[in-house]
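A quick write-up on the structure given underneath.
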Amino acid sequence: MSKLQINPLLLGLESKSSHNNPSISGVAVVKNILSVLSLSVIVMMSAQTWAQEDTIRYEWDLTDIYSDVSAWEDAMDTVAARIDGLSEYQGTLGDSAESMLAAFREISATNKEAVRAYVYTSLERDADQREAETQARFGQARQLFTNLGEATSWISPEVLEVGADRVEQFIAEEPGLADFEVMLQDMLRRAPHTLDQQTEAILAQAGMVLSAPEQIYENYANADIPWPTVTLSDGQEVTLSQAGYSFWRAAPNRADRKLVFDTFWETWNQFADGMGATLASEVQSNVFTARVRNHDSVLAHNLFDDGLPPEVYTQLVTQVNDALPVFHRYLKLRGRMLGVDDLRYYDIYPPLVDVDTGEFGLKRSEEITFAALEPFGDRYLELLAYGLSQDWMHSHPQPGKRSGAYMNGSVYDVHPYVLLNHNDDYNSLSTFAHEWGHAVHSLLANENNPYENANYSTFIAEMASTINEILLEEYMIANASTDEEKLFYLGGALESIRGTFFRQTMFAEFELEIHQAAESGEPLTGPRLSEIYGELLKRYHGHDEGVLTIDEPYAVEWAYIPHFYYDFYVFQYATSISGAAWFAEQFLAGDTEVRDDFIRVLSAGGADHPHNILLKEAGLDMTQPEAFEPVLRRITDLMDRIEALL
C-alpha cells in the first residue's frame with residue numbers, strides 16, 4: 001500500500017484524506033550517484049540493527065526529515081506563519097501571469113513543508129501508537145493541515161473567476177506556470193463541483209471532523225483493543241493482535257486455525273456496535289462531501305477525483321463476478337490439496353502444501369527481491385539497490401506499532417519510508433517486494449517531475465507494487481528445488497490473485513453497497529454491516545453451492561479492514577493486479593518495449609490522469625474486458641500447472 005499526497009491545490013481543496021496521510025508520492029531526486037550495487041551492499045549494513053532472537057531488524061531514521069523534535073517544532077512555527085501569510089495572495093490571481101505564478105509558488109512551497117511536518121509525526125506515531133506525546137504531535141500536524149486547507153480554500157473558486165481563457169493566456173505568457181499547468185487544468189475541470197469561497201472555507205474547517213472516523217478506527221485497532229491469547233495444539237501461547245492473527249491464521253493444524261478465527265473474530269464482535277458506528281460515520285461523511293460537491297454518488301465523486309471513467313469500476317465488477325466459477329475451481333482445488341472435504345473460511349490461508357522453505361528474514365528477502373526484479377532492467381535495479389542500502393525501513397512488529405504495511409513517499413526532498421510487520425515468512429517476502437515497488441515508483445516519479453506533478457494516483461501506484469509480486473512468484477516457481485516447493489509457490493501465486501483480484505473486488509462491492517444504503521437513507525449498524533458483508537462472503541466463496549462454508553461470526557471481518565476508511569481505495573488493488581498481469585505477461589515473454597512502456601508509466605507521476613497515462617504510454621484500456629483477460633489466464637494457468645504436478 002502506498003500513502004499518497006492529498007494536495008489541497010490538486011484535489012479541489014478538500015482536506016479529508018482518502019488514505020491515511022495528506023502526503024505526496026515524491027522523494028528526493030537521486031541523480032548521477034547511483035550505480036548497480038552488489039548484493040553485499042543491499043544487506044543494509046548501515047541500518048540500525050536489533051539483536052533479538054537472531055533476527056535482523058531495522059528502524060527507519062526520521063532525522064533525515066528533522067534532526068529532532070525541536071527542529072520539527074521550529075518547522076511547525078514556520079509553516080504556520082507561512083499559512084497565515086497566504087491571505088496576501090487572495091484576489092491577485094487574475095492580475096497578471098506573474099502574480100498568479102508568485103501565488104502558486106508560495107502556496108505549493110507551503111504545502112510541501114506542511115506535508116513534511118505531517119509525515120514526520122505520522123511515521124513517528126505509527127512506530128508506536130501508544131505514546132501520548134507522539135499522538136499529540138500527530139494531532140498538531142493534522143490541525144496544521146486543516147488550517148492550510150482553510151487558508152487555501154479560495155484558490156479554486158478564484159481560478160474559476162479568472163476564467164479558462166485568461167488562465168490559458170497566463171500559461172502561454174509565463175513559462176514558470178508550466179509546473180502548475182496540470183493543476184490549473186484540473187481546477188478548471190472541477191468547475192461543476194467547486195463551491196464559492198465561503199463554502200469552500202467551511203468545508204476546509206470541517207476537515208478534522210470528517211476524518212475523525214479513520215482516526216478512531218486506527219486508535220482502537222492498533223492500540224486500544226485488548227488482544228486475546230490462545231494456546232495452540234503444541235502448547236505454544238500466542239497473542240492474537242492484528243499481526244499475530246495475520247501469522248497464525250495460516251497455522252498448519254486445522255483445529256488451531258479454527259481456534260485463531262473463533263477467538264479473533266469474537267474479539268471484534270465485542271466491538272461490532274462501536275466499530276459499526278465508526279464506519280457508519282465514515283460513510284456519512286463521504287455522502288455529505290459528495291452531495292455538497294454536486295456529485296451523483298460517493299462512487300462518482302471518487303472516480304471523478306482521479307479522472308477515471310466509471311466503466312473502469314463497472315467493468316471490474318462485471319469481469320470478477322463472471323469469473324466466480326474460476327475462483328470456485330481454485331477453492332475446490334484448495335480443499336483437495338489440504339485434504340478437507342468441508343472447506344471453511346479458516347482454511348483460506350494455510351499453504352497448499354507443507355514444505356520447509358526456510359525463513360525469509362530481511363537479508364534473504366532483500367536478495368531474492370533484487371534477483372526477481374531483474375527483468376525491469378538496470379535503471380530500476382539501481383534505484384532499488386540504493387534504497388535497500390539505506391535505513392528507510394521499519395521492519396518488524398512491536399507493541400503499539402501500526403498493523404499492515406505501507407510505503408510513504410511523502411517527503412519530496414527526502415526519500416521514501418517503508419513500514420513492514422515482517423514475520424520472516426514467504427508472505428512477508430511478498431509484502432517486502434510489494435512495498436519496495438512503491439518506493440521505486442516514488443523515486444522514478446520524483447526524478448522526472450517537479451513537486452507539483454510528482455504525486456501519482458493509487459490507480460497506477462498499486463500496479464507498480466503488484467507487478468513485483470508477480471515477478472517474485474515466477475522467480476520462486478522457476479527456482480524451486482522440488483515439486484513440493486514448486487507447488488508451494490504456485491499456491492502462493494493463486495492466493496495473491498484470490499486476495500487481490502477477487503477479495504478486493506468483494507471489498508469494493510461492500511463499500512459500494514453500504515454507501516448506496518446510506519445514500520438511500522438506510523441506517524447502518526454493526527449487525528447490518530455484518531449482514532451485508534456476510535452475504536457477499538457467501539456469494540463470492542460459493543457458500544450456497546457447497547464450495548466453502550462461511551460461519552456467521554466471521555461476517556464481522558468488515559470491522560477489521562482499515563481500507564474501508566480510505567474511500568474506494570480497494571477496487572484499485574483489483575484493477576492493479578489486472579494491469580500488472582497485462583504488463584507482466586508481455587515482458588516476461590521478453591517484450592522489452594512493453595517493459596520500457598511500464599517504466600514510462602511509473603516515471604509520469606501525476607503529469608496526467610492515470611487512465612490517460614496508461615493509454616498514452618502503453619495502450620492499456622482498463623474500461624475494456626480485454627484488460628482483465630491476462631489475470632484470468634494467469635489463474636487458470638497456475639491451476640493447470642498445479643494439477644499437472646499432482
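Starting from 1 in every chain, residues are counted up; chains themselves are A, B, ... following the order of the C-alpha cells, and ligands are numbered from 1 as listed.
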Do you know which residues are at most 12 Å from Asp234 of chain A counting only C-alpha atoms, after dropping those on the same chain fewer than 6 positions away, and could you put them as a list in words?
Ala251, Pro252, Asn253, Ala255 and Asp256 of chain A
Need to verify the contact set: segment 76-91 of chain A, 12 Å, only C-alpha atoms, exclusion of same-chain residues closer than 4 positions in sequence. Can you return it as a VMD selection string?
chain A and resid 66 69 to 72 95 to 96 98 to 121 137 to 138 140 to 159 161 to 162 197
Got a sec: who's within 9 Å of Leu524 of chain A, counting only C-alpha atoms, leaving out chain neighbours fewer than 4 positions off, as JSON, numbers by chain?
{"A": [276, 277, 279, 280, 514, 517, 518, 528, 529]}
Please report, as a ChimeraX atom specification, each residue of segment 184-262 of chain A to which DSSP assigns alpha helix (DSSP H) when run on this structure's backbone.
/A:184-189,197-205,207-210,212-219,242-248,254-262
In segment 305-441 of chain A, what's strand (DSSP E or B) per DSSP? Answer as a PyMOL selection string?
chain A and resi 344+393-394+406-408+417-419
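Distance check against Tyr573 of chain A using only C-alpha atoms: of A:His434, A:Arg634, A:His543, A:His609, the minimum falls on A:His434.
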So that I can see what lies close to Trp227 of chain A, please list as a list of chain:residue names the residues with an atom at most 12 Å from it, counting only C-alpha atoms and leaving out residues fewer than 5 positions away in the same chain.
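After dropping sequence-adjacent residues, the list is A:Tyr220, A:Ala221, A:Asn222, A:Val238, A:Thr239, A:Leu240, A:Ser241, A:Gln242, A:Ala243, A:Gly244, A:Tyr245, A:Val260, A:Thr263, A:Phe264, A:Trp265, A:Glu266, A:Thr267, A:Trp268, A:Gln270, A:Phe271, A:Pro399, A:Gly400.
Residues surrounding Ser430 of chain A within 10 Å are Phe360, Ser365, Thr369, Ser465, Thr466, Asn468, Glu469, Ile470, Leu472, Glu473, Gly492 and Ser496 of chain A [only C-alpha atoms; sequence separation below 6 positions excluded].
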Print the selection's residues with N, CA and C atoms to a file, as a PDB file, in the first residue's frame.
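Output below, filename part_7.pdb:
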ATOM      1  N   PHE A 360      12.334 -16.390   5.719  1.00  0.00           N
ATOM      2  CA  PHE A 360      12.627 -15.289   4.808  1.00  0.00           C
ATOM      3  C   PHE A 360      12.884 -14.043   5.645  1.00  0.00           C
ATOM      4  N   SER A 365      15.135 -11.726   2.095  1.00  0.00           N
ATOM      5  CA  SER A 365      14.078 -11.038   1.352  1.00  0.00           C
ATOM      6  C   SER A 365      14.664 -10.006   0.396  1.00  0.00           C
ATOM      7  N   THR A 369      14.335 -10.427  -3.665  1.00  0.00           N
ATOM      8  CA  THR A 369      13.591  -9.369  -4.357  1.00  0.00           C
ATOM      9  C   THR A 369      14.432  -8.755  -5.462  1.00  0.00           C
ATOM     10  N   SER A 465       3.432  -1.942  -7.519  1.00  0.00           N
ATOM     11  CA  SER A 465       3.777  -2.881  -6.449  1.00  0.00           C
ATOM     12  C   SER A 465       3.326  -4.303  -6.772  1.00  0.00           C
ATOM     13  N   THR A 466       2.154  -4.431  -7.379  1.00  0.00           N
ATOM     14  CA  THR A 466       1.603  -5.759  -7.643  1.00  0.00           C
ATOM     15  C   THR A 466       2.409  -6.493  -8.707  1.00  0.00           C
ATOM     16  N   ASN A 468       5.502  -6.452  -8.981  1.00  0.00           N
ATOM     17  CA  ASN A 468       6.639  -7.042  -8.273  1.00  0.00           C
ATOM     18  C   ASN A 468       6.274  -8.391  -7.673  1.00  0.00           C
ATOM     19  N   GLU A 469       5.044  -8.504  -7.170  1.00  0.00           N
ATOM     20  CA  GLU A 469       4.599  -9.783  -6.622  1.00  0.00           C
ATOM     21  C   GLU A 469       4.564 -10.852  -7.706  1.00  0.00           C
ATOM     22  N   ILE A 470       4.094 -10.499  -8.896  1.00  0.00           N
ATOM     23  CA  ILE A 470       4.029 -11.474  -9.986  1.00  0.00           C
ATOM     24  C   ILE A 470       5.429 -11.920 -10.396  1.00  0.00           C
ATOM     25  N   LEU A 472       8.080 -11.881  -8.550  1.00  0.00           N
ATOM     26  CA  LEU A 472       8.600 -12.692  -7.451  1.00  0.00           C
ATOM     27  C   LEU A 472       8.044 -14.113  -7.514  1.00  0.00           C
ATOM     28  N   GLU A 473       6.748 -14.225  -7.743  1.00  0.00           N
ATOM     29  CA  GLU A 473       6.122 -15.553  -7.814  1.00  0.00           C
ATOM     30  C   GLU A 473       6.773 -16.405  -8.895  1.00  0.00           C
ATOM     31  N   GLY A 492       0.988 -19.998  -3.617  1.00  0.00           N
ATOM     32  CA  GLY A 492       1.101 -18.607  -3.186  1.00  0.00           C
ATOM     33  C   GLY A 492       0.668 -17.631  -4.260  1.00  0.00           C
ATOM     34  N   SER A 496      -2.376 -14.905  -4.147  1.00  0.00           N
ATOM     35  CA  SER A 496      -2.241 -13.489  -4.478  1.00  0.00           C
ATOM     36  C   SER A 496      -3.420 -13.023  -5.323  1.00  0.00           C
TER      37      SER A 496
END
For Ile202 of chain A, the closest of A:Thr289, A:Gln624, A:Asn219, A:Thr431 counting only C-alpha atoms is A:Thr289
